[in-house]
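Here is the file final.txt (compact mmCIF, C-alpha atoms).
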```
# COMPACT_ATOMS: atom_id res chain seq x y z
CA MET L 1 0.00 0.00 0.00
CA LYS L 2 1.44 3.28 -1.03
CA SER L 3 1.16 6.10 1.46
CA VAL L 4 -0.35 9.40 0.53
CA SER L 5 0.64 11.43 3.55
CA PRO L 6 3.44 10.86 6.05
CA TYR L 7 0.83 11.05 8.81
CA ASP L 8 -1.81 8.60 9.93
CA ALA L 9 -5.14 9.82 11.22
CA ILE L 10 -6.18 8.32 14.52
CA GLU L 11 -9.66 8.61 15.93
CA TRP L 12 -10.29 7.14 19.33
CA LEU L 13 -13.24 7.64 21.69
CA GLY L 14 -14.17 11.00 20.24
CA LEU L 15 -10.61 12.33 19.97
CA ARG L 16 -8.89 12.89 16.69
CA LEU L 17 -5.17 13.25 16.07
CA GLU L 18 -2.48 12.71 13.47
CA VAL L 19 0.75 10.87 14.07
CA PRO L 20 3.69 9.95 11.83
CA GLN L 21 3.16 6.67 10.00
CA ASP L 22 5.96 4.86 11.78
CA TRP L 23 4.38 5.38 15.18
CA GLN L 24 2.36 2.71 16.88
CA ILE L 25 -0.09 2.65 19.76
CA VAL L 26 1.36 0.56 22.57
CA ARG L 27 -1.09 1.43 25.34
CA HIS L 28 -4.69 2.49 25.00
CA GLY L 29 -7.55 3.28 27.32
CA ILE L 30 -11.12 2.33 26.42
CA SER L 31 -13.00 4.69 28.71
CA SER L 32 -13.86 8.20 27.63
CA LEU L 33 -13.88 9.29 31.28
CA ASN L 34 -10.21 8.72 31.88
CA GLY L 35 -7.51 7.12 29.81
CA CYS L 36 -4.47 7.49 27.63
CA LEU L 37 -2.95 6.63 24.28
CA THR L 38 0.79 5.96 24.19
CA PHE L 39 2.73 5.96 20.96
CA THR L 40 6.20 4.65 20.20
CA ASP L 41 8.34 4.74 17.12
CA ARG L 42 10.63 1.84 16.26
CA TYR L 43 12.98 2.64 19.10
CA SER L 44 11.35 4.49 21.98
CA GLU L 45 8.24 6.11 23.45
CA ARG L 46 7.33 9.28 21.55
CA MET L 47 3.99 10.56 22.70
CA ASN L 48 1.49 10.08 25.48
CA LEU L 49 -1.97 11.60 25.23
CA SER L 50 -4.14 11.36 28.31
CA TRP L 51 -7.66 12.59 28.85
CA ARG L 52 -9.89 13.17 31.83
CA LYS L 53 -13.60 14.01 31.72
CA LEU L 54 -14.43 17.05 33.83
CA ASP L 55 -17.72 18.63 34.77
CA ARG L 56 -16.52 22.16 34.14
CA GLU L 57 -13.59 23.91 32.55
CA PRO L 58 -10.51 23.82 34.78
CA ASP L 59 -7.78 26.42 35.17
CA VAL L 60 -5.41 24.83 32.67
CA GLU L 61 -2.72 27.46 33.16
CA ARG L 62 -2.51 26.65 36.86
CA ILE L 63 -2.47 22.90 36.18
CA VAL L 64 0.47 23.34 33.78
CA ALA L 65 2.32 25.68 36.15
CA GLU L 66 1.97 23.16 38.98
CA GLN L 67 3.15 20.33 36.75
CA LEU L 68 6.16 22.40 35.71
CA GLN L 69 6.96 22.99 39.36
CA ARG L 70 6.69 19.28 40.13
CA ASP L 71 8.94 18.35 37.19
CA GLN L 72 11.53 20.91 38.31
CA THR L 73 11.54 19.59 41.88
CA LYS L 74 11.74 15.99 40.70
CA SER L 75 14.59 16.53 38.23
CA PRO L 76 16.65 19.62 39.12
CA ASP L 77 18.99 19.06 36.14
CA LEU L 78 16.14 19.72 33.68
CA THR L 79 15.98 23.08 31.95
CA LEU L 80 12.32 24.01 31.78
CA ALA L 81 10.84 26.89 29.82
CA ARG L 82 7.35 27.86 28.76
CA THR L 83 6.74 27.46 25.03
CA THR L 84 3.94 28.56 22.73
CA ILE L 85 1.66 26.11 20.99
CA PRO L 86 -1.54 27.73 19.70
CA GLY L 87 -4.50 26.78 21.88
CA TRP L 88 -2.37 24.90 24.40
CA GLN L 89 -0.54 25.71 27.63
CA ALA L 90 2.87 24.14 27.19
CA TYR L 91 6.44 23.97 28.39
CA ARG L 92 9.60 22.41 27.06
CA ALA L 93 12.16 20.45 29.04
CA GLU L 94 15.76 19.84 28.10
CA SER L 95 18.46 17.77 29.69
CA ALA L 96 21.67 16.16 28.49
CA GLU L 97 19.85 12.94 27.54
CA SER L 98 16.39 13.98 26.52
CA GLU L 99 14.15 16.73 25.36
CA TRP L 100 10.39 16.78 25.62
CA VAL L 101 7.31 18.97 25.53
CA ARG L 102 4.33 18.80 27.87
CA ALA L 103 1.11 20.54 26.96
CA ALA L 104 -2.48 20.68 28.16
CA ARG L 105 -5.80 22.14 27.16
CA TYR L 106 -9.49 21.78 27.82
CA GLU L 107 -11.55 20.35 24.95
CA PRO L 108 -15.07 21.78 25.21
CA LEU L 109 -16.55 19.43 22.58
CA THR L 110 -15.86 16.36 24.69
CA SER L 111 -15.56 18.13 28.10
CA GLN L 112 -12.15 16.59 28.60
CA LEU L 113 -8.86 17.86 29.92
CA LEU L 114 -6.23 16.75 27.39
CA GLU L 115 -2.61 16.38 28.43
CA VAL L 116 0.19 15.55 26.01
CA TRP L 117 3.75 14.51 26.60
CA LEU L 118 5.83 14.52 23.43
CA SER L 119 9.43 13.36 23.18
CA VAL L 120 11.64 15.41 20.88
CA ARG L 121 14.58 13.65 19.32
CA SER L 122 17.80 15.61 19.74
CA ASN L 123 18.58 15.18 16.04
CA GLN L 124 15.19 16.60 15.16
CA LYS L 125 15.53 19.92 16.94
CA LYS L 126 14.81 21.73 13.73
CA SER L 127 11.51 19.95 13.35
CA GLN L 128 9.87 21.85 16.17
CA LEU L 129 7.12 22.88 13.78
CA ALA L 130 6.34 19.24 13.06
CA ASN L 131 6.00 18.51 16.76
CA GLU L 132 3.82 21.56 17.19
CA ARG L 133 1.64 20.29 14.36
CA LEU L 134 1.15 16.97 16.14
CA VAL L 135 -0.07 18.69 19.27
CA CYS L 136 -2.24 21.19 17.41
CA ALA L 137 -3.95 18.40 15.46
CA ILE L 138 -5.32 16.83 18.64
CA ALA L 139 -8.98 17.76 18.92
CA GLY L 140 -12.33 16.46 19.97
CA THR L 141 -14.91 15.42 17.40
CA ASP L 142 -18.49 16.55 17.19
CA PRO L 143 -20.44 14.54 19.80
CA ASN L 144 -23.71 15.07 17.92
CA ARG L 145 -22.72 13.01 14.89
CA ASP L 146 -25.02 10.14 13.94
CA THR L 147 -22.25 7.60 14.20
CA SER L 148 -19.05 7.25 16.18
CA ARG L 149 -15.79 6.60 14.43
CA LEU L 150 -12.84 4.45 15.38
CA GLN L 151 -9.65 4.72 13.39
CA ALA L 152 -6.66 2.93 14.82
CA PHE L 153 -4.72 -0.32 14.52
CA ASP L 154 -5.22 -0.35 10.72
CA THR L 155 -8.98 -0.32 11.16
CA CYS L 156 -11.30 2.47 10.12
CA LEU L 157 -14.84 1.88 11.26
CA GLU L 158 -18.05 3.80 11.82
CA TYR L 159 -20.39 2.35 14.40
CA PRO L 160 -23.77 3.32 15.88
CA ARG L 161 -23.57 5.98 18.57
CA ASP L 162 -25.52 3.96 21.10
CA LEU L 163 -22.74 1.38 21.25
CA VAL L 164 -19.84 1.66 23.67
CA LEU L 165 -16.43 0.11 23.16
CA SER L 166 -16.11 -2.44 25.95
CA THR L 167 -13.13 -4.65 25.14
CA THR L 168 -10.21 -4.65 22.76
CA LYS L 169 -7.80 -7.39 21.87
CA ILE L 170 -4.79 -6.26 19.91
CA GLU L 171 -2.50 -8.92 18.46
CA PRO L 172 -0.21 -8.81 15.44
CA ALA L 173 -2.43 -8.67 12.34
CA ASN L 174 -5.45 -9.63 14.43
CA VAL L 175 -7.48 -6.88 16.05
CA THR L 176 -10.78 -7.36 17.85
CA PHE L 177 -13.10 -4.64 19.14
CA GLU L 178 -16.11 -5.52 21.23
CA PHE L 179 -19.01 -3.09 21.56
CA GLU L 180 -21.97 -3.18 23.88
CA ARG L 181 -25.36 -1.50 23.96
CA ALA L 182 -26.76 -1.19 27.45
CA ALA L 183 -30.43 -1.95 28.01
CA VAL L 184 -32.69 1.09 27.99
CA LYS L 185 -34.69 1.52 31.19
CA GLY L 186 -37.94 -0.43 30.90
CA GLN L 187 -36.75 -2.28 27.78
CA PRO L 188 -34.66 -5.23 28.96
CA PHE L 189 -34.44 -6.68 25.47
CA SER L 190 -32.71 -3.66 23.96
CA ARG L 191 -29.33 -4.94 25.11
CA ALA L 192 -26.97 -5.89 22.29
CA ARG L 193 -23.40 -6.85 21.66
CA ALA L 194 -21.16 -6.62 18.59
CA VAL L 195 -17.69 -7.91 17.83
CA VAL L 196 -15.68 -6.42 15.02
CA ARG L 197 -12.54 -8.20 13.96
CA ARG L 198 -9.88 -7.41 11.39
CA MET L 199 -7.58 -10.22 10.43
CA GLY L 200 -4.50 -9.23 8.46
CA MET L 201 -2.45 -11.72 6.40
CA ALA L 202 -5.75 -13.07 5.09
CA SER L 203 -4.36 -16.32 3.66
CA CYS L 204 -3.53 -17.50 7.17
CA TRP L 205 -7.20 -17.33 8.18
CA TYR L 206 -9.27 -17.55 5.06
CA ARG L 207 -9.22 -19.83 2.03
CA GLY L 208 -12.43 -18.74 0.36
CA ASN L 209 -14.94 -20.48 2.63
CA ALA L 210 -16.60 -17.63 4.48
CA VAL L 211 -19.25 -19.74 6.21
CA ALA L 212 -16.62 -22.08 7.67
CA LEU L 213 -14.64 -19.17 9.07
CA ILE L 214 -17.74 -17.57 10.60
CA ALA L 215 -18.82 -20.89 12.10
CA ARG L 216 -15.35 -21.38 13.57
CA GLU L 217 -15.44 -17.95 15.19
CA ALA L 218 -18.91 -18.36 16.74
CA LYS L 219 -19.30 -21.97 17.78
CA GLN L 220 -22.32 -21.38 20.01
CA VAL L 221 -24.46 -20.16 17.10
CA VAL L 222 -26.50 -22.28 14.69
CA TYR L 223 -26.61 -20.31 11.46
CA GLN L 224 -29.73 -20.94 9.41
CA THR L 225 -29.62 -18.47 6.53
CA GLN L 226 -26.81 -17.24 4.40
CA SER L 227 -26.65 -14.75 1.58
CA GLU L 228 -24.06 -13.00 -0.49
CA HIS L 229 -24.07 -9.29 -1.11
CA TRP L 230 -21.73 -6.46 -1.96
CA LEU L 231 -20.12 -4.16 0.56
CA GLY L 232 -18.55 -1.41 -1.49
CA ALA L 233 -16.21 -3.15 -3.92
CA HIS L 234 -16.12 -6.41 -2.00
CA ARG L 235 -18.35 -9.42 -1.97
CA ALA L 236 -19.48 -10.21 1.53
CA MET L 237 -21.13 -13.23 3.11
CA ARG L 238 -23.94 -12.61 5.58
CA VAL L 239 -25.29 -15.35 7.84
CA GLU L 240 -27.97 -15.30 10.48
CA GLY L 241 -28.93 -17.76 13.17
CA ASP L 242 -30.01 -18.40 16.72
CA THR L 243 -27.66 -18.46 19.63
CA THR L 244 -27.97 -21.82 21.30
CA LYS L 245 -29.47 -21.29 24.72
CA GLY L 246 -31.20 -23.59 27.19
CA PRO L 247 -34.89 -24.52 26.78
CA ILE L 248 -35.97 -22.32 29.70
CA GLN L 249 -34.33 -19.26 28.19
CA ARG L 250 -35.97 -20.04 24.86
CA TRP L 251 -39.34 -20.52 26.59
CA PHE L 252 -39.12 -17.03 28.10
CA GLY L 253 -38.09 -15.54 24.76
CA ARG L 254 -34.57 -14.87 25.94
CA SER L 255 -32.69 -16.50 23.10
CA THR L 256 -30.79 -13.99 21.03
CA ARG L 257 -30.24 -13.80 17.33
CA SER L 258 -26.75 -13.69 15.94
CA ARG L 259 -25.81 -12.16 12.63
CA ALA L 260 -22.41 -12.13 11.02
CA THR L 261 -20.94 -10.53 7.94
CA LEU L 262 -17.56 -11.47 6.55
CA MET L 263 -15.73 -9.48 3.93
CA HIS L 264 -12.39 -10.11 2.27
CA CYS L 265 -10.37 -7.18 1.01
CA GLU L 266 -7.67 -8.40 -1.37
CA VAL L 267 -6.00 -5.00 -1.60
CA GLU L 268 -5.39 -4.85 2.15
CA ASN L 269 -4.89 -8.62 2.38
CA ALA L 270 -7.32 -8.61 5.28
CA VAL L 271 -10.57 -10.23 6.34
CA TYR L 272 -13.21 -8.23 8.20
CA LEU L 273 -15.77 -9.97 10.37
CA ILE L 274 -18.68 -8.30 12.14
CA THR L 275 -20.75 -10.41 14.52
CA THR L 276 -23.76 -9.02 16.34
CA GLU L 277 -25.93 -10.56 19.00
CA SER L 278 -29.25 -8.98 19.91
CA TYR L 279 -32.86 -9.73 20.80
CA ASP L 280 -35.48 -9.69 18.07
CA GLN L 281 -37.25 -6.81 19.83
CA ALA L 282 -34.32 -4.45 19.09
CA PRO L 283 -32.13 -6.05 16.44
CA LEU L 284 -28.61 -4.83 15.83
CA LEU L 285 -27.68 -5.44 12.21
CA PRO L 286 -24.09 -5.73 10.95
CA GLU L 287 -25.03 -3.28 8.20
CA ARG L 288 -24.97 -0.52 10.78
CA PHE L 289 -21.19 -0.84 10.88
CA LYS L 290 -19.28 0.71 8.07
CA PHE L 291 -15.73 -0.26 7.25
CA VAL L 292 -13.37 1.79 5.20
CA CYS L 293 -10.83 -0.45 3.57
CA CYS L 294 -8.59 -0.29 0.49
CA LYS L 295 -7.44 3.05 1.83
CA PRO L 296 -3.84 3.99 1.41
CA ILE L 297 -2.27 4.16 4.87
CA GLY L 298 -1.83 7.76 5.80
CA GLU L 299 -4.86 9.14 4.02
CA THR L 300 -6.06 11.65 6.52
CA ASP L 301 -9.81 11.42 6.17
CA PRO L 302 -10.90 8.39 4.17
CA LEU L 303 -14.54 8.64 5.17
CA SER L 304 -15.07 12.13 3.89
CA MET U 1 34.31 -11.36 15.54
CA LYS U 2 37.20 -12.19 17.82
CA GLY U 3 36.39 -13.58 21.22
CA GLN U 4 38.48 -13.60 24.36
CA ALA U 5 38.38 -16.34 26.95
CA LEU U 6 37.21 -15.25 30.37
CA LYS U 7 39.03 -16.28 33.50
CA ARG U 8 37.47 -17.04 36.85
CA GLY U 9 36.54 -13.79 38.55
CA ASP U 10 36.40 -11.78 35.31
CA GLN U 11 33.37 -9.62 34.88
CA VAL U 12 31.06 -11.06 32.25
CA PRO U 13 30.43 -8.44 29.56
CA GLN U 14 26.82 -7.36 29.33
CA LEU U 15 25.31 -6.80 25.94
CA LYS U 16 22.89 -4.05 25.20
CA THR U 17 19.62 -5.78 24.44
CA ASP U 18 17.34 -2.84 23.79
CA SER U 19 14.94 -2.76 20.90
CA ALA U 20 17.23 -0.76 18.63
CA ARG U 21 20.10 -3.18 19.20
CA LEU U 22 17.88 -6.16 18.43
CA LEU U 23 16.97 -4.72 15.04
CA GLU U 24 20.66 -4.39 14.14
CA LEU U 25 21.42 -8.09 14.67
CA VAL U 26 22.01 -10.20 11.60
CA PRO U 27 20.45 -13.69 11.69
CA MET U 28 22.09 -16.48 9.72
CA HIS U 29 21.68 -20.24 9.37
CA ASN U 30 23.54 -22.52 11.71
CA ALA U 31 26.26 -24.07 9.52
CA ALA U 32 25.59 -27.52 11.03
CA ILE U 33 21.97 -27.85 9.88
CA ARG U 34 20.74 -29.80 6.87
CA ILE U 35 17.82 -28.52 4.79
CA GLU U 36 15.28 -30.65 2.91
CA THR U 37 12.76 -28.91 0.72
CA SER U 38 9.33 -30.19 -0.21
CA PRO U 39 6.38 -28.62 -2.06
CA ASP U 40 4.50 -28.04 1.23
CA GLY U 41 7.34 -26.38 3.05
CA LEU U 42 10.73 -27.13 4.34
CA VAL U 43 12.31 -29.48 6.88
CA VAL U 44 15.37 -28.40 8.79
CA TRP U 45 17.51 -31.15 10.36
CA VAL U 46 19.44 -30.03 13.42
CA PRO U 47 22.19 -32.30 14.81
CA ILE U 48 21.68 -33.47 18.38
CA ALA U 49 24.64 -33.11 20.69
CA GLN U 50 25.51 -36.59 21.97
CA PRO U 51 26.90 -36.96 25.47
CA PHE U 52 29.64 -39.52 26.12
CA TRP U 53 27.23 -42.28 27.19
CA MET U 54 25.42 -41.98 23.90
CA ARG U 55 28.64 -42.41 22.04
CA SER U 56 29.60 -45.50 24.06
CA LEU U 57 28.60 -49.10 23.46
CA LEU U 58 25.01 -48.15 24.25
CA ARG U 59 24.58 -46.80 20.78
CA PHE U 60 24.80 -50.33 19.39
CA VAL U 61 21.86 -51.35 21.61
CA LEU U 62 19.69 -48.25 21.43
CA PRO U 63 19.36 -46.47 18.08
CA PHE U 64 19.77 -42.86 19.20
CA ARG U 65 18.87 -40.38 16.52
CA LYS U 66 21.64 -38.08 15.45
CA GLU U 67 19.50 -35.19 14.31
CA LYS U 68 16.00 -33.87 14.77
CA GLY U 69 13.78 -32.56 12.01
CA ILE U 70 11.74 -29.38 12.27
CA ALA U 71 9.13 -28.68 9.59
CA LEU U 72 8.42 -25.09 8.63
CA ASP U 73 5.27 -23.90 6.89
CA VAL U 74 5.20 -21.43 4.03
CA ILE U 75 5.48 -18.32 6.21
CA GLY U 76 8.11 -19.91 8.45
CA ARG U 77 10.08 -20.87 5.39
CA GLU U 78 9.90 -17.31 4.12
CA VAL U 79 11.44 -15.92 7.31
CA PHE U 80 13.98 -18.74 7.57
CA GLU U 81 15.16 -18.14 4.01
CA ALA U 82 15.51 -14.44 4.73
CA CYS U 83 18.06 -15.28 7.44
CA ASP U 84 20.87 -15.43 4.90
CA GLY U 85 23.44 -13.43 6.83
CA ASN U 86 23.13 -10.43 4.52
CA ARG U 87 20.12 -8.72 6.08
CA ASN U 88 19.61 -7.53 9.61
CA VAL U 89 16.44 -8.15 11.62
CA GLU U 90 15.05 -4.72 10.71
CA ALA U 91 15.38 -5.40 6.98
CA ILE U 92 13.74 -8.82 7.34
CA ILE U 93 10.82 -7.30 9.25
CA GLU U 94 10.41 -4.51 6.71
CA GLU U 95 10.34 -6.98 3.83
CA PHE U 96 7.87 -9.24 5.63
CA ALA U 97 5.56 -6.30 6.42
CA LYS U 98 5.64 -5.12 2.83
CA ARG U 99 4.93 -8.56 1.40
CA HIS U 100 1.99 -9.28 3.69
CA LYS U 101 0.67 -5.69 3.77
CA ILE U 102 0.86 -5.37 7.51
CA ARG U 103 2.41 -2.72 9.72
CA PHE U 104 6.05 -2.82 10.73
CA PHE U 105 5.09 -3.30 14.38
CA ASP U 106 2.79 -6.24 13.67
CA ALA U 107 5.50 -7.81 11.53
CA LYS U 108 8.11 -7.09 14.20
CA GLN U 109 6.19 -8.97 16.85
CA SER U 110 5.57 -11.98 14.62
CA VAL U 111 9.04 -12.14 13.10
CA THR U 112 10.98 -11.63 16.33
CA THR U 113 8.88 -14.30 18.08
CA PHE U 114 9.62 -16.71 15.25
CA LEU U 115 13.32 -15.81 15.20
CA ARG U 116 13.48 -16.49 18.94
CA TRP U 117 11.84 -19.85 18.30
CA LEU U 118 14.43 -20.67 15.63
CA LEU U 119 17.21 -19.50 17.92
CA GLU U 120 16.05 -21.73 20.79
CA ARG U 121 16.15 -24.71 18.43
CA LYS U 122 19.65 -23.76 17.27
CA ILE U 123 18.51 -23.38 13.67
CA ILE U 124 19.86 -19.85 13.34
CA VAL U 125 22.45 -17.74 15.07
CA LEU U 126 22.40 -13.98 15.57
CA VAL U 127 25.52 -12.10 14.64
CA LEU U 128 26.30 -8.84 16.39
CA GLY U 129 27.96 -5.82 14.97
CA PRO U 130 30.82 -4.38 16.97
CA MET U 131 30.36 -5.67 20.51
CA GLU U 132 29.36 -2.97 22.95
CA GLN U 133 29.99 -3.39 26.62
CA VAL U 134 28.00 -1.55 29.24
```
Output the file's structure as structure tokens, nothing else.
Amino acid sequence: MKSVSPYDAIEWLGLRLEVPQDWQIVRHGISSLNGCLTFTDRYSERMNLSWRKLDREPDVERIVAEQLQRDQTKSPDLTLARTTIPGWQAYRAESAESEWVRAARYEPLTSQLLEVWLSVRSNQKKSQLANERLVCAIAGTDPNRDTSRLQAFDTCLEYPRDLVLSTTKIEPANVTFEFERAAVKGQPFSRARAVVRRMGMASCWYRGNAVALIAREAKQVVYQTQSEHWLGAHRAMRVEGDTTKGPIQRWFGRSTRSRATLMHCEVENAVYLITTESYDQAPLLPERFKFVCCKPIGETDPLS
Amino acid sequence: MKGQALKRGDQVPQLKTDSARLLELVPMHNAAIRIETSPDGLVVWVPIAQPFWMRSLLRFVLPFRKEKGIALDVIGREVFEACDGNRNVEAIIEEFAKRHKIRFFDAKQSVTTFLRWLLERKIIVLVLGPMEQV
């Protein structure tokens, strides 16, 4: 895949940022209340973005001044100086071994306090503008959009807003995101669950038999119907069936329906699998998830 | 690379084993192995070190095997063949990532795990650049 831009767009829990293509997420939080994203390049940690949900706007200047004071007390050999990054309160630290920038700001769109720590390579002193660009690009996304977007770990996905990311499993060329929809008060059957999986190196997983792969992934489901359709430029297999539950659960109408869609993208050499499990009263269809594949890595906004 | 024998009481040199150093290492085949190719993959035969009692009269009674065979699948073969002594780990990972259209970091995790597996079975050796002592 040929890159278009040297930066990769990342969108995670309502935050959007751009990072160089050779950076990778090594730690990630899945709660929008409190969490962090840590990036490394091939050799060392480069950036840490943390967020904290707050009820009202804090005094960011004071927070940064206190942090600067703490850093100075902790490491007296550091040379600390305030620096200007538009929209952010920031300071720069220099020592014989390292150089880094710490910045913070309040994001009103998501009501979060954002704090960034960015390592600056000594041989990249001239690229201060590039570092500034990284920090400036961090922003919240519109919370009133119809769908939420997740763009990380080679996956670009739009999912319904009522779903919340509950679990992630990140392995080499095998990424799984699990979403949950909590039951609405008074409607116990509105609960739903979805698992989205991207499997790279497709030939290791998939040899053309979509139904077999789906059946292998969801052993507790008896799939009754199957149909082929097109998802963008790719042919996809959609299957539907009942989740095997005990007779008492079935008697009380508590058995759920499982639906799965599998799509193979030859260009990305990847297989995408969406599995949903919901009650018939409030079905969650795999069609509500939208993948963006065949995108050149680095394209900043493939969904637009 | 020239080695120097250590005497009792000498401090054992420590090697830098950080991520950057690992990528600089050059993997190459163990000269003692034997390779058999087949359409499905490849079988590597690694000689088994025989202790003195195996080399004694016992060998006429019990047929000890002299080598063990390890079969590699298509992807394993690809990485094994890349360990030709000309490329370092970083170059092998980059090539692997490009061929399979995955990210460098995904490839790094898979390839380094596999290289460690090959190393434990004495199929490959890792050659260092200039030795650095801490």
I'd like a table as a tab-separated table: residues in chain L with an atom no more than 9 Å from chain U, each row giving the shortest atom pair and its distance in Å to one decimal, all atoms listed in the file counted, sorted by chain and rising residue number.
```
residue	atom	partner	partner_atom	distance
L:Met1	CA	U:Lys101	CA	6.9
L:Asp22	CA	U:Phe104	CA	7.8
L:Trp23	CA	U:Phe105	CA	8.7
L:Gln24	CA	U:Phe105	CA	7.1
L:Arg42	CA	U:Ala20	CA	7.5
L:Tyr43	CA	U:Ala20	CA	5.5
L:Ser44	CA	U:Ser19	CA	8.2
L:Phe153	CA	U:Arg103	CA	8.9
L:Asp154	CA	U:Arg103	CA	8.1
L:Glu171	CA	U:Asp106	CA	7.6
L:Pro172	CA	U:Asp106	CA	4.3
L:Ala173	CA	U:Asp106	CA	5.9
L:Asn174	CA	U:Asp106	CA	8.9
L:Gly200	CA	U:Ile102	CA	6.7
L:Met201	CA	U:His100	CA	5.7
L:Ala202	CA	U:His100	CA	8.7
L:Val267	CA	U:Lys101	CA	8.6
L:Glu268	CA	U:Lys101	CA	6.3
L:Asn269	CA	U:Lys101	CA	6.4
L:Ala270	CA	U:Lys101	CA	8.6
```
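Nearest residue to Arg216 (chain L) among L:Leu273, L:Tyr91, L:Asn34, L:Asp280 is L:Leu273, counting all atoms listed in the file.
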Any idea what's packed within 8 Å of Ser111 (chain L), counting all atoms listed in the file, ignoring anything in its chain fewer than 3 positions away? Could you give it as a PyMOL selection string? chain L and resi 53-57+106-108
Taking 2 positions as the minimum chain separation for residues in the same chain, which residues sit within 6 Å of region 43-49 of chain U when counting all atoms listed in the file? Answer as a PyMOL selection string. chain U and resi 33-36+66-71
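Closest approach to Thr113 (chain U) among U:Leu42, U:Ala31, U:Leu62, U:Val79 is made by U:Val79 (distances from all atoms listed in the file).
Pairwise distance (CA of Pro58 (chain L), CA of Gln89 (chain L)) equals 12.4 Å.
Shortest separation to Thr112 (chain U) among U:Val74, U:Leu128, U:Leu22, U:Met28 occurs at residue U:Leu22, atoms counted being all atoms listed in the file.
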Using Å and a single decimal, report how far CA of Ala81 (chain L) sits from CA of Glu66 (chain L). 13.3 Å
Between CA of Ser32 (chain L) and CA of Glu287 (chain L) - distance in Å to one decimal: 25.2 Å
Residue among L:Glu11, L:Arg238, L:Leu285, L:Arg102 lying closest to Ser148 (chain L), counting all atoms listed in the file: L:Glu11
For Trp117 (chain U), the nearest of the candidates U:Leu72, U:Asn86, U:Met54, U:Phe96, counting only C-alpha atoms: U:Leu72
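Counting all atoms listed in the file and comparing U:Ser56, U:Val61, U:Glu94, U:Ile124, the residue that lies closest to Glu81 (chain U) is U:Ile124.
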Which residues come within 9 Å of Thr225 (chain L), counting all atoms listed in the file, excluding same-chain residues fewer than 5 positions away, as a PyMOL selection string? chain L and resi 238-241
